[in-house]
file target.txt (compact mmCIF, C-alpha atoms and all ligand atoms)
# COMPACT_ATOMS: atom_id res chain seq x y z
CA MET A 1 35.21 47.73 11.24
CA PRO A 2 32.10 45.93 12.65
CA ASP A 3 32.28 44.87 16.26
CA PRO A 4 32.70 41.03 16.24
CA ALA A 5 30.48 40.85 19.34
CA ASN A 6 27.54 42.15 17.28
CA ARG A 7 27.96 39.64 14.51
CA SER A 8 25.38 36.86 14.34
CA PRO A 9 26.20 33.44 12.83
CA ARG A 10 25.65 33.29 9.07
CA ARG A 11 22.18 31.94 8.28
CA PRO A 12 22.03 29.29 5.55
CA LEU A 13 20.65 30.75 2.32
CA PRO A 14 17.03 29.80 1.60
CA ASP A 15 16.64 26.88 -0.78
CA ALA A 16 16.25 27.62 -4.48
CA PRO A 17 12.90 26.63 -6.06
CA GLY A 18 12.63 22.89 -6.51
CA VAL A 19 15.05 22.04 -3.70
CA PRO A 20 12.51 21.77 -0.81
CA ALA A 21 10.65 18.95 -2.60
CA ARG A 22 13.93 17.04 -3.06
CA ARG A 23 14.84 17.64 0.59
CA ALA A 24 11.48 16.15 1.55
CA ALA A 25 12.15 13.16 -0.73
CA LEU A 26 15.45 12.67 1.08
CA ARG A 27 13.65 12.73 4.45
CA LEU A 28 11.14 10.17 3.19
CA LEU A 29 13.88 7.83 1.97
CA ASP A 30 15.69 8.20 5.25
CA ALA A 31 12.48 7.31 7.12
CA VAL A 32 11.90 4.16 5.06
CA LEU A 33 15.42 2.86 4.52
CA ARG A 34 17.07 3.81 7.80
CA ARG A 35 14.16 3.87 10.24
CA GLY A 36 11.89 1.22 8.74
CA LEU A 37 8.78 3.46 8.50
CA ALA A 38 6.12 3.34 5.80
CA ILE A 39 6.08 6.33 3.43
CA GLU A 40 2.54 7.15 4.55
CA GLN A 41 3.66 7.26 8.20
CA ALA A 42 6.48 9.68 7.40
CA LEU A 43 4.76 11.83 4.76
CA ASP A 44 3.13 14.55 6.88
CA LYS A 45 6.27 15.30 8.91
CA ALA A 46 8.66 15.03 5.96
CA THR A 47 6.63 17.46 3.83
CA THR A 48 5.59 20.01 6.47
CA GLY A 49 5.16 23.46 4.91
CA LEU A 50 5.28 22.24 1.30
CA ALA A 51 2.63 23.14 -1.28
CA PRO A 52 0.50 20.13 -2.34
CA SER A 53 2.31 19.93 -5.70
CA ASP A 54 5.73 19.76 -3.99
CA ARG A 55 4.39 17.21 -1.51
CA GLY A 56 3.23 15.11 -4.45
CA LEU A 57 6.59 15.50 -6.17
CA ALA A 58 8.53 14.49 -3.04
CA HIS A 59 6.31 11.41 -2.67
CA ALA A 60 6.70 10.50 -6.36
CA ILE A 61 10.50 10.81 -6.28
CA ALA A 62 10.84 8.76 -3.08
CA ALA A 63 8.46 6.05 -4.32
CA GLU A 64 10.24 5.77 -7.66
CA VAL A 65 13.64 5.50 -5.93
CA LEU A 66 12.21 2.65 -3.85
CA ARG A 67 10.90 0.89 -6.97
CA ARG A 68 14.27 1.21 -8.67
CA LEU A 69 16.66 1.09 -5.73
CA ALA A 70 18.69 -1.97 -6.71
CA ASP A 71 19.19 -0.72 -10.28
CA LEU A 72 20.09 2.82 -9.18
CA ASP A 73 22.62 1.44 -6.71
CA GLY A 74 24.12 -0.75 -9.43
CA LEU A 75 24.72 2.34 -11.56
CA ILE A 76 26.19 4.31 -8.66
CA ASP A 77 28.55 1.44 -7.79
CA SER A 78 29.65 1.19 -11.42
CA ALA A 79 30.89 4.80 -11.29
CA THR A 80 32.60 4.97 -7.87
CA ARG A 81 36.08 3.64 -7.15
CA ASN A 82 35.38 3.15 -3.42
CA ARG A 83 31.89 1.80 -2.80
CA LEU A 84 29.68 4.33 -1.00
CA ALA A 85 28.12 2.98 2.20
CA ASP A 86 24.45 2.01 1.83
CA ASP A 87 23.46 4.80 4.21
CA ALA A 88 25.89 7.45 2.87
CA LYS A 89 24.12 10.73 2.18
CA ALA A 90 25.93 10.97 -1.16
CA ARG A 91 24.28 7.68 -2.22
CA PHE A 92 20.83 8.94 -1.18
CA VAL A 93 21.32 12.18 -3.12
CA LEU A 94 22.58 10.36 -6.21
CA ARG A 95 19.55 8.05 -6.13
CA ILE A 96 17.28 11.12 -6.06
CA ALA A 97 19.08 12.86 -8.93
CA LEU A 98 19.40 9.73 -11.08
CA VAL A 99 15.81 8.53 -10.73
CA GLN A 100 14.57 11.91 -11.91
CA ALA A 101 16.90 12.06 -14.90
CA LEU A 102 16.45 8.41 -15.94
CA GLN A 103 12.86 7.66 -15.00
CA LEU A 104 10.81 10.75 -14.24
CA GLY A 105 11.73 12.87 -17.26
CA THR A 106 13.51 15.66 -15.36
CA PRO A 107 16.23 17.31 -17.50
CA PRO A 108 19.61 16.14 -16.08
CA HIS A 109 20.82 19.70 -15.34
CA ALA A 110 17.71 20.35 -13.24
CA ALA A 111 17.94 16.95 -11.53
CA ILE A 112 21.50 17.57 -10.35
CA ALA A 113 21.07 21.30 -9.60
CA THR A 114 18.17 20.58 -7.22
CA ALA A 115 19.93 17.58 -5.64
CA LEU A 116 23.38 19.03 -4.93
CA PRO A 117 22.19 21.37 -2.14
CA LEU A 118 21.06 18.24 -0.23
CA VAL A 119 24.65 17.12 0.19
CA ASP A 120 25.15 20.07 2.59
CA GLY A 121 28.72 19.90 3.87
CA GLY A 122 29.29 16.51 2.19
CA PRO A 123 31.10 15.44 -0.99
CA ARG A 124 29.38 17.65 -3.60
CA LYS A 125 32.22 17.12 -6.05
CA LEU A 126 31.91 13.37 -5.84
CA VAL A 127 28.13 13.48 -6.33
CA HIS A 128 28.47 15.88 -9.25
CA GLY A 129 31.24 13.74 -10.78
CA VAL A 130 29.40 10.41 -10.50
CA PHE A 131 26.19 11.90 -11.89
CA GLY A 132 28.08 13.55 -14.79
CA THR A 133 29.96 10.34 -15.62
CA LEU A 134 26.75 8.30 -15.76
CA MET A 135 24.99 10.90 -17.89
CA ARG A 136 27.90 11.03 -20.36
CA GLN A 137 27.86 7.24 -20.58
CA GLY A 138 24.18 7.47 -21.57
CA VAL A 139 23.13 4.88 -18.96
CA THR A 140 19.50 3.76 -18.74
CA LEU A 141 17.50 1.75 -16.24
CA PRO A 142 16.51 -1.80 -17.25
CA GLU A 143 13.02 -2.29 -18.70
CA HIS A 144 11.92 -4.17 -15.56
CA ALA A 145 13.09 -3.29 -12.08
CA SER A 146 15.22 -5.67 -10.01
CA LEU A 147 13.55 -6.50 -6.71
CA PRO A 148 15.59 -6.14 -3.52
CA ASP A 149 17.28 -9.51 -2.78
CA GLU A 150 15.30 -10.30 0.35
CA ALA A 151 11.92 -9.56 -1.23
CA HIS A 152 12.88 -11.55 -4.34
CA MET A 153 13.97 -14.54 -2.24
CA ARG A 154 10.77 -14.54 -0.19
CA LEU A 155 8.58 -14.41 -3.29
CA ALA A 156 10.59 -17.05 -5.17
CA THR A 157 10.70 -19.38 -2.15
CA ASN A 158 7.00 -19.06 -1.34
CA TRP A 159 5.48 -18.86 -4.81
CA GLY A 160 8.17 -19.66 -7.41
CA ASP A 161 10.50 -17.80 -9.77
CA ASP A 162 7.73 -16.88 -12.21
CA VAL A 163 5.81 -15.02 -9.53
CA ALA A 164 8.95 -13.16 -8.43
CA ALA A 165 9.58 -12.21 -12.08
CA ALA A 166 5.96 -11.04 -12.44
CA ALA A 167 6.37 -8.86 -9.34
CA ALA A 168 9.42 -7.19 -10.91
CA ILE A 169 7.35 -6.40 -14.01
CA ALA A 170 4.40 -5.23 -11.92
CA ILE A 171 6.49 -2.76 -9.94
CA THR A 172 7.71 -1.09 -13.11
CA GLN A 173 4.26 -0.38 -14.47
CA PRO A 174 1.87 2.22 -13.05
CA PRO A 175 -0.97 0.32 -11.31
CA PRO A 176 -4.43 0.78 -12.81
CA LEU A 177 -7.15 2.88 -11.22
CA ASP A 178 -9.99 0.66 -9.97
CA LEU A 179 -13.33 2.01 -8.81
CA THR A 180 -15.95 0.22 -6.74
CA LEU A 181 -19.42 1.47 -7.64
CA ARG A 182 -22.24 2.30 -5.27
CA SER A 183 -25.33 0.51 -6.52
CA ASP A 184 -26.42 3.53 -8.60
CA GLY A 185 -25.04 6.75 -10.07
CA PRO A 186 -22.78 7.86 -12.91
CA ALA A 187 -19.32 6.33 -13.43
CA PRO A 188 -16.47 6.76 -15.91
CA GLU A 189 -16.01 4.31 -18.76
CA GLY A 190 -13.56 1.47 -18.46
CA ASP A 191 -13.11 -2.28 -18.20
CA VAL A 192 -15.54 -4.13 -15.98
CA LEU A 193 -13.76 -7.12 -14.42
CA LEU A 194 -16.52 -7.86 -11.89
CA PRO A 195 -20.04 -6.45 -11.52
CA GLY A 196 -19.89 -3.12 -9.70
CA HIS A 197 -16.29 -2.50 -10.73
CA VAL A 198 -14.65 -0.26 -13.34
CA ARG A 199 -10.96 -0.21 -14.31
CA VAL A 200 -10.59 3.34 -15.58
CA ARG A 201 -8.60 4.10 -18.72
CA SER A 202 -8.41 7.89 -18.28
CA ASP A 203 -5.49 9.48 -16.41
CA MET A 204 -7.59 12.49 -15.39
CA PRO A 205 -7.26 13.48 -11.70
CA VAL A 206 -9.68 11.39 -9.60
CA PRO A 207 -11.91 14.31 -8.45
CA GLN A 208 -12.55 15.22 -12.10
CA LEU A 209 -13.85 11.77 -13.09
CA THR A 210 -17.56 11.35 -13.79
CA GLY A 211 -19.51 10.58 -10.63
CA TYR A 212 -16.91 11.68 -8.06
CA ALA A 213 -18.94 14.67 -6.85
CA GLU A 214 -22.06 12.48 -6.61
CA GLY A 215 -20.17 9.94 -4.48
CA ALA A 216 -21.16 7.24 -6.97
CA TRP A 217 -17.92 5.27 -6.48
CA TRP A 218 -14.70 5.10 -4.51
CA VAL A 219 -11.15 4.12 -5.39
CA GLN A 220 -10.29 0.57 -4.36
CA ASP A 221 -8.10 -2.05 -5.98
CA LEU A 222 -10.09 -4.88 -7.60
CA ALA A 223 -8.54 -7.45 -5.22
CA ALA A 224 -9.45 -5.34 -2.17
CA SER A 225 -13.08 -5.31 -3.31
CA ILE A 226 -13.44 -9.11 -3.18
CA PRO A 227 -13.57 -9.75 0.63
CA ALA A 228 -16.73 -7.66 1.13
CA ARG A 229 -18.32 -9.35 -1.91
CA LEU A 230 -17.77 -12.72 -0.19
CA ILE A 231 -20.05 -11.60 2.66
CA GLY A 232 -22.94 -11.40 0.16
CA PRO A 233 -26.02 -9.17 -0.10
CA GLY A 234 -27.24 -7.38 3.02
CA ALA A 235 -28.92 -9.75 5.46
CA GLY A 236 -28.69 -8.21 8.92
CA ARG A 237 -25.83 -6.95 11.06
CA VAL A 238 -22.19 -7.08 10.02
CA LEU A 239 -19.07 -6.12 11.93
CA ASP A 240 -16.40 -4.60 9.70
CA LEU A 241 -13.28 -5.08 11.84
CA CYS A 242 -10.13 -3.08 11.06
CA ALA A 243 -12.35 -0.98 8.84
CA ALA A 244 -10.54 2.27 8.10
CA PRO A 245 -10.30 4.07 5.71
CA GLY A 246 -13.42 2.18 4.78
CA GLY A 247 -13.47 0.80 1.22
CA LYS A 248 -15.12 -2.36 2.51
CA THR A 249 -17.44 -0.50 4.92
CA LEU A 250 -18.83 1.41 1.94
CA GLN A 251 -19.34 -1.82 -0.01
CA LEU A 252 -21.15 -3.50 2.88
CA ALA A 253 -23.34 -0.45 3.51
CA SER A 254 -24.24 -0.16 -0.16
CA ALA A 255 -25.06 -3.91 -0.23
CA GLY A 256 -27.70 -3.22 2.41
CA TRP A 257 -25.96 -4.39 5.61
CA ASP A 258 -26.35 -2.68 8.97
CA VAL A 259 -22.64 -2.04 9.44
CA THR A 260 -20.59 -1.43 12.57
CA ALA A 261 -17.10 -0.36 11.52
CA VAL A 262 -14.36 -0.69 14.15
CA ASP A 263 -10.77 0.55 13.93
CA ILE A 264 -8.11 1.63 16.40
CA SER A 265 -6.90 4.62 14.36
CA GLU A 266 -8.78 7.92 14.85
CA SER A 267 -7.05 9.52 11.86
CA ARG A 268 -7.94 6.66 9.54
CA LEU A 269 -11.52 6.70 10.90
CA ALA A 270 -11.72 10.41 10.01
CA ARG A 271 -11.14 9.35 6.39
CA LEU A 272 -13.83 6.69 6.76
CA ARG A 273 -16.26 9.39 7.92
CA GLU A 274 -15.35 11.57 4.92
CA ASN A 275 -15.94 8.62 2.62
CA LEU A 276 -19.36 7.95 4.15
CA ASP A 277 -20.27 11.64 3.81
CA ARG A 278 -19.20 11.80 0.18
CA THR A 279 -21.10 8.66 -0.80
CA GLY A 280 -24.18 9.30 1.38
CA LEU A 281 -23.83 5.82 2.92
CA SER A 282 -24.06 5.10 6.62
CA ALA A 283 -22.42 2.94 9.27
CA GLN A 284 -21.90 3.04 13.03
CA ILE A 285 -18.28 3.91 13.72
CA VAL A 286 -16.37 2.68 16.76
CA ALA A 287 -12.83 3.75 17.60
CA ALA A 288 -11.44 0.90 19.68
CA ASP A 289 -8.68 -1.65 20.10
CA LEU A 290 -10.12 -4.96 18.95
CA LEU A 291 -7.92 -6.80 21.41
CA LYS A 292 -10.10 -5.26 24.15
CA TRP A 293 -13.44 -4.20 22.58
CA GLN A 294 -16.40 -6.47 22.16
CA PRO A 295 -19.88 -6.08 20.65
CA GLU A 296 -23.09 -6.40 22.60
CA GLY A 297 -24.12 -9.63 20.93
CA ALA A 298 -23.37 -12.01 18.07
CA VAL A 299 -23.90 -10.77 14.51
CA ASP A 300 -24.79 -12.32 11.14
CA ALA A 301 -21.43 -11.70 9.54
CA VAL A 302 -17.93 -10.49 10.40
CA LEU A 303 -15.28 -9.16 8.04
CA LEU A 304 -11.76 -9.09 9.50
CA ASP A 305 -9.45 -7.23 7.10
CA ALA A 306 -6.55 -7.76 9.44
CA PRO A 307 -3.54 -5.48 9.89
CA CYS A 308 -0.65 -7.07 8.01
CA SER A 309 2.78 -6.54 6.48
CA ALA A 310 1.01 -5.21 3.33
CA THR A 311 3.53 -6.86 1.02
CA GLY A 312 0.70 -7.44 -1.48
CA ILE A 313 0.34 -3.72 -2.18
CA PHE A 314 3.97 -3.20 -3.18
CA ARG A 315 3.01 -1.52 -6.48
CA ARG A 316 1.48 1.51 -4.76
CA HIS A 317 3.56 1.24 -1.58
CA PRO A 318 7.04 0.17 -2.72
CA ASP A 319 8.45 0.87 0.77
CA VAL A 320 7.21 -2.60 1.81
CA LEU A 321 9.83 -4.18 -0.46
CA HIS A 322 12.56 -2.66 1.68
CA ARG A 323 11.27 -2.44 5.22
CA VAL A 324 9.29 -5.66 5.68
CA ARG A 325 11.65 -8.12 7.31
CA PRO A 326 10.90 -11.50 8.98
CA ARG A 327 10.43 -9.71 12.32
CA VAL A 328 7.63 -7.50 10.90
CA ILE A 329 5.91 -10.53 9.39
CA ALA A 330 6.18 -12.45 12.68
CA GLU A 331 4.75 -9.51 14.68
CA MET A 332 1.84 -9.15 12.28
CA ALA A 333 1.17 -12.89 12.32
CA GLU A 334 1.02 -12.78 16.11
CA LEU A 335 -1.50 -9.92 16.04
CA GLN A 336 -3.63 -11.73 13.45
CA ALA A 337 -3.56 -14.91 15.54
CA ALA A 338 -4.94 -12.88 18.46
CA LEU A 339 -7.60 -11.03 16.42
CA LEU A 340 -9.00 -13.96 14.45
CA PRO A 341 -10.45 -16.01 17.38
CA ARG A 342 -11.89 -12.83 18.91
CA ALA A 343 -13.61 -11.95 15.62
CA ALA A 344 -14.86 -15.54 15.26
CA GLN A 345 -16.64 -15.62 18.64
CA TRP A 346 -18.87 -12.71 17.54
CA VAL A 347 -20.36 -14.63 14.58
CA ARG A 348 -23.79 -16.15 15.30
CA PRO A 349 -24.32 -19.87 14.61
CA GLY A 350 -24.77 -20.27 10.83
CA GLY A 351 -23.14 -16.86 10.17
CA VAL A 352 -20.02 -16.09 8.11
CA LEU A 353 -16.57 -14.80 8.90
CA VAL A 354 -14.37 -13.48 6.09
CA TYR A 355 -10.68 -13.16 6.93
CA ALA A 356 -8.44 -11.18 4.53
CA THR A 357 -4.93 -9.73 4.40
CA CYS A 358 -3.19 -7.75 1.65
CA SER A 359 -0.03 -9.76 2.28
CA LEU A 360 1.92 -12.20 0.13
CA GLU A 361 3.25 -14.02 3.19
CA PRO A 362 1.75 -17.49 3.90
CA GLU A 363 2.30 -16.86 7.65
CA GLU A 364 -0.38 -14.13 7.43
CA GLY A 365 -2.81 -16.13 5.30
CA GLU A 366 -2.84 -19.89 4.83
CA ALA A 367 -0.99 -20.62 8.10
CA GLN A 368 -3.44 -18.49 10.11
CA ILE A 369 -6.44 -20.41 8.78
CA ASP A 370 -4.81 -23.84 9.13
CA ARG A 371 -4.12 -23.12 12.78
CA PHE A 372 -7.50 -21.51 13.45
CA LEU A 373 -9.39 -24.46 11.98
CA ALA A 374 -7.24 -26.96 13.89
CA GLU A 375 -8.18 -25.15 17.12
CA HIS A 376 -11.85 -24.31 16.40
CA ASP A 377 -14.21 -27.18 15.65
CA GLY A 378 -17.25 -25.00 15.10
CA PHE A 379 -15.98 -23.38 11.87
CA ALA A 380 -15.46 -24.74 8.35
CA ILE A 381 -14.41 -23.20 5.06
CA ASP A 382 -17.36 -22.07 2.94
CA ALA A 383 -15.55 -22.47 -0.38
CA ILE A 384 -15.24 -19.40 -2.59
CA ARG A 385 -16.91 -20.07 -5.93
CA ARG A 386 -15.35 -19.42 -9.31
CA GLU A 387 -18.27 -17.21 -10.34
CA GLU A 388 -17.60 -14.87 -7.41
CA LEU A 389 -14.21 -13.96 -8.91
CA PRO A 390 -12.93 -12.12 -11.99
CA ASP A 391 -12.29 -14.28 -15.08
CA GLY A 392 -8.77 -15.69 -14.87
CA ILE A 393 -8.75 -16.07 -11.07
CA SER A 394 -9.74 -19.24 -9.25
CA PRO A 395 -9.99 -20.33 -5.64
CA ASN A 396 -7.43 -22.90 -4.43
CA ALA A 397 -8.31 -26.54 -3.74
CA GLN A 398 -8.90 -25.64 -0.07
CA GLY A 399 -11.62 -23.17 -1.11
CA TRP A 400 -9.69 -20.05 -0.18
CA LEU A 401 -8.22 -17.45 -2.53
CA ARG A 402 -4.57 -16.51 -2.93
CA ILE A 403 -3.98 -13.60 -5.31
CA LEU A 404 -0.42 -13.31 -6.63
CA PRO A 405 1.46 -10.73 -8.75
CA ASP A 406 1.32 -12.91 -11.90
CA MET A 407 -2.49 -12.84 -12.06
CA LEU A 408 -4.51 -10.78 -14.58
CA GLY A 409 -1.23 -9.32 -15.92
CA ARG A 410 -2.87 -8.77 -19.32
CA HIS A 411 -5.43 -6.47 -17.67
CA GLY A 412 -2.95 -4.56 -15.48
CA GLY A 413 -2.73 -6.99 -12.53
CA LEU A 414 -4.16 -6.57 -9.05
CA ASP A 415 -2.94 -6.36 -5.46
CA GLY A 416 -1.68 -9.47 -3.69
CA PHE A 417 -4.19 -10.80 -1.16
CA PHE A 418 -5.25 -13.83 0.84
CA MET A 419 -8.91 -14.34 1.72
CA VAL A 420 -11.15 -17.07 3.03
CA ARG A 421 -14.82 -17.41 4.01
CA LEU A 422 -15.57 -19.46 7.10
CA ARG A 423 -19.03 -20.52 8.28
CA ARG A 424 -19.96 -21.20 11.87
CA ALA A 425 -21.87 -24.42 12.42
CA GLY A 426 -25.63 -23.71 12.82
C1 LIG A 501 -5.68 -3.45 6.18
S1 LIG A 501 -6.06 -2.03 7.05
C2 LIG A 501 -7.79 -1.94 6.85
C3 LIG A 501 -8.31 -1.46 5.52
C4 LIG A 501 -9.81 -1.31 5.52
N1 LIG A 501 -10.50 -2.54 5.88
C5 LIG A 501 -10.36 -0.81 4.20
O1 LIG A 501 -10.91 -1.58 3.43
O2 LIG A 501 -10.23 0.38 3.93
C6 LIG A 501 -5.90 -2.58 8.71
C7 LIG A 501 -6.49 -1.66 9.76
O3 LIG A 501 -6.34 -2.31 11.03
C8 LIG A 501 -6.34 -1.31 12.02
N2 LIG A 501 -5.86 -1.93 13.30
C9 LIG A 501 -4.62 -2.36 13.59
N3 LIG A 501 -4.59 -2.88 14.83
C10 LIG A 501 -5.85 -2.78 15.34
C11 LIG A 501 -6.45 -3.14 16.58
N4 LIG A 501 -5.74 -3.72 17.56
N5 LIG A 501 -7.76 -2.86 16.77
C12 LIG A 501 -8.47 -2.26 15.79
N6 LIG A 501 -7.97 -1.91 14.58
C13 LIG A 501 -6.66 -2.18 14.36
C14 LIG A 501 -5.45 -0.25 11.43
O4 LIG A 501 -5.69 1.02 12.01
C15 LIG A 501 -5.85 -0.31 9.94
O5 LIG A 501 -6.78 0.70 9.65

call {"tool": "encode", "arguments": {"input": "target.txt", "output": "structure tokens", "more": "lines below"}}
Ligand SMILES: C[S@@+](CC[C@H](N)C(=O)[O-])C[C@H]1O[C@@H](n2cnc3c(N)ncnc32)[C@H](O)[C@@H]1O
result
Amino acid sequence: MPDPANRSPRRPLPDAPGVPARRAALRLLDAVLRRGLAIEQALDKATTGLAPSDRGLAHAIAAEVLRRLADLDGLIDSATRNRLADDAKARFVLRIALVQALQLGTPPHAAIATALPLVDGGPRKLVHGVFGTLMRQGVTLPEHASLPDEAHMRLATNWGDDVAAAAAIAITQPPPLDLTLRSDGPAPEGDVLLPGHVRVRSDMPVPQLTGYAEGAWWVQDLAASIPARLIGPGAGRVLDLCAAPGGKTLQLASAGWDVTAVDISESRLARLRENLDRTGLSAQIVAADLLKWQPEGAVDAVLLDAPCSATGIFRRHPDVLHRVRPRVIAEMAELQAALLPRAAQWVRPGGVLVYATCSLEPEEGEAQIDRFLAEHDGFAIDAIRREELPDGISPNAQGWLRILPDMLGRHGGLDGFFMVRLRRAG
């Protein structure tokens, strides 16, 4: 008989193939829904040690759960006698299994077999039973996702029911792939919604598209390409503030500006450097906190693409629908209110300042500019012109641009944004 003193505790068996990616998806959902992090913030830690394909799968499962959360929870609640707590592990695991079976094309037996090990010591039987019941009932997800209540209310209150309904449609459809073109070089075929833009129809991996190796373009949503266009063709020095990972820096450099790109995040600036290398464009890069840094003198133009709640990019980052609460919006608005006057003082007389946020919250857009203009006599709106925008999008009466989820729906939509061009008195 073996000596009990020599026995070591039983090690858990290694996960079967397919399970580590689902475990990582569970960690990502936990990070977003219980700790309020963005998926991107949690991705590296949650997927440590996974092959790139499993990392991609974990990300895809978590993102799809977040797009479909309300509908998945409705199904789970329909099949449980006692409602599972919102943060119960069994609910998280069921969401992961169901979204794969109902939305991602995973055969149901594989979806449940790879999800059950995540329950660990929890109610496996319950999870198995609920999943089996729903599969036997032949349930499906609705054609268009239901937005989380809070996000729906904010959209409907600020912009109307139609816009909230358009957002629910937009989140269900894969967003298009938009490329911003360097001034020359090969590019894939597609729809051109503005000069220097292509909306690609192919679903080939990005590095295999024509012109990638030559650095002839970079991926950037059509809406995100408009702020740098508002600065105009190169005419001196421009400060690109909050620049990383650099879509707008590349645009400004390729338009002929002498660009200084400033951002607080070293890791995001590393991506900006890679983007400059790949495209052969150049800019001075400064890693600094804009609440402390200042340039040596005034410049011809400033672009402030301010940090924000990012609620406008909910199609690619569905975590914002769940984690952005009034407190996050208020914190971001406070930061923007501190950054905007600093950016403004670095514009030379007669120069331009473009302020942009990829947010759908008026506190981060219209309200910032109303307050700034009330407090700064030397600036006025230089109205955005119709011809600077894609067909179907117009500036508002004030001369600024508010992009909402119901715009360009026929062409695949675009990210939500606010932007305005201000000119300093000469
Ligand atoms: C909307 S993103 C910028 C996207 C970028 N303009 C582009 O086109 O790729 C906002 C950026 O603000 C940066 N940021 C946040 N707070 C900052 C601060 N106090 N000083 C400088 N950069 C800051 C973040 O690191 C982030 O890269």

call {"tool": "atom_distance", "arguments": {"input": "target.txt", "atom1": "CA of Ala151 in chain A", "atom2": "atom C2 of ligand LIG 501 (chain A)"}}
result
22.6 Å

call {"tool": "atom_distance", "arguments": {"input": "target.txt", "atom1": "CA of Asp406 in chain A", "atom2": "CA of Arg386 in chain A"}}
result
18.1 Å

call {"tool": "closest_residue", "arguments": {"input": "target.txt", "among": "A:Val420, A:Gly413, A:Thr114, A:Ala145", "to": "Pro176 in chain A", "atoms": "all atoms listed in the file"}}
result
A:Gly413

call {"tool": "residues_around", "arguments": {"input": "target.txt", "residues": "range 19-32 of chain A", "least_positions_apart": "4", "cutoff": "6 Å", "atoms": "all atoms listed in the file", "output": "ChimeraX atom specification"}}
result
/A:15,36-38,46-47,54,58,62,114

call {"tool": "residues_near_ligand", "arguments": {"input": "target.txt", "ligand": "ligand LIG 501 (chain A)", "cutoff": "6 Å", "atoms": "all atoms listed in the file", "output": "list in words"}}
result
Cys242, Ala243, Ala244, Pro245, Gly246, Gly247, Lys248, Asp263, Ile264, Ser265, Ala288, Asp289, Leu290, Leu291, Asp305, Ala306 and Pro307 of chain A

call {"tool": "atom_distance", "arguments": {"input": "target.txt", "atom1": "CA of Val139 in chain A", "atom2": "CA of Ala167 in chain A"}}
result
23.7 Å

call {"tool": "residues_near_point", "arguments": {"input": "target.txt", "point": "(-22.4, -12.9, 15.7)", "cutoff": "6 Å", "atoms": "all atoms listed in the file", "output": "PyMOL selection string"}}
result
chain A and resi 298-300+346-348
